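All remarks here apply to the structure that follows.
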Amino acid sequence: MPVYEYECPVCQKVHEVQQRMADDPLTECPECGGPVKKIMSRSSFQLKGGGWYADGYASTGTSAKKEPAPAAPACKKAEGKCAKCPAAAAG
């Protein structure tokens, strides 16, 4: 269950509340009864160094440079007249 933080401007306290995502947010301070507002807290999740987020995969110790795709082979069927040949579509 996520932990949400609420701040009360009246008593200046920050409350951490464990709530389901479907639960309604708090509207009053549990200490003084004043209005509260949900605040954004810092996440403890960090991405450090090189790794999976840089290229979508875990690092394997090799460079993450991508090689260019190989060129399409020339058509050898019926002198370039096959339906799948890019040269046949161009000419």
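Note on naming: chains are A, B, ... as they come in the structure tokens, residues start from 1 per chain, ligands start from 1 in the order shown.
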Quick one: pick out all strand (DSSP E) residues within segment 3-43 of chain A from a backbone DSSP run and write them as a PDB file with C-alpha atoms, in the first residue's frame.
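result.pdb, freshly written:
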ATOM      1  CA  VAL A   3       2.326   5.982   1.762  1.00  0.00           C
ATOM      2  CA  TYR A   4       1.022   9.512   1.207  1.00  0.00           C
ATOM      3  CA  GLU A   5       2.143  12.668   2.989  1.00  0.00           C
ATOM      4  CA  TYR A   6      -0.195  15.431   4.064  1.00  0.00           C
ATOM      5  CA  GLU A   7       0.771  18.819   5.483  1.00  0.00           C
ATOM      6  CA  VAL A  14       3.448  16.549   8.131  1.00  0.00           C
ATOM      7  CA  HIS A  15       1.584  13.262   8.439  1.00  0.00           C
ATOM      8  CA  GLU A  16       2.429  10.045   6.633  1.00  0.00           C
ATOM      9  CA  VAL A  17      -0.670   7.960   5.933  1.00  0.00           C
ATOM     10  CA  GLN A  18      -0.811   4.492   4.434  1.00  0.00           C
ATOM     11  CA  LYS A  37      -3.065  19.259   1.591  1.00  0.00           C
ATOM     12  CA  LYS A  38      -1.343  16.326  -0.064  1.00  0.00           C
ATOM     13  CA  ILE A  39       2.316  17.004  -0.734  1.00  0.00           C
TER      14      ILE A  39
END
Could you give me, as JSON, numbers by chain, the residues within 7 Å of segment 26-34 of chain A, counting only C-alpha atoms and dropping anything in the same chain fewer than 3 positions from it? {"A": [8, 10, 11]}
Let me see the file: selected residues, C-alpha atoms, as a PDB file, in the first residue's frame.
ATOM      1  CA  CYS A   8      -1.369  20.893   7.837  1.00  0.00           C
ATOM      2  CA  VAL A  10      -2.467  25.257  10.918  1.00  0.00           C
ATOM      3  CA  CYS A  11      -0.220  23.091  13.128  1.00  0.00           C
TER       4      CYS A  11
END
Work out how far apart atom CA of Lys13 of chain A and atom CA of Pro25 of chain A are and give it in Å to one decimal.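 Here the two named atoms are 16.6 Å from each other.
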Just want the 8 Å neighbourhood of Pro2 of chain A, counted on only C-alpha atoms, with same-chain residues fewer than 6 positions away dropped. Output as a PyMOL selection string. chain A and resi 18-21
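Minimum atom-to-atom distance to Met1 of chain A, evaluated using only C-alpha atoms, belongs to A:Asp23 out of A:Pro35, A:Lys48, A:Arg42, A:Asp23.
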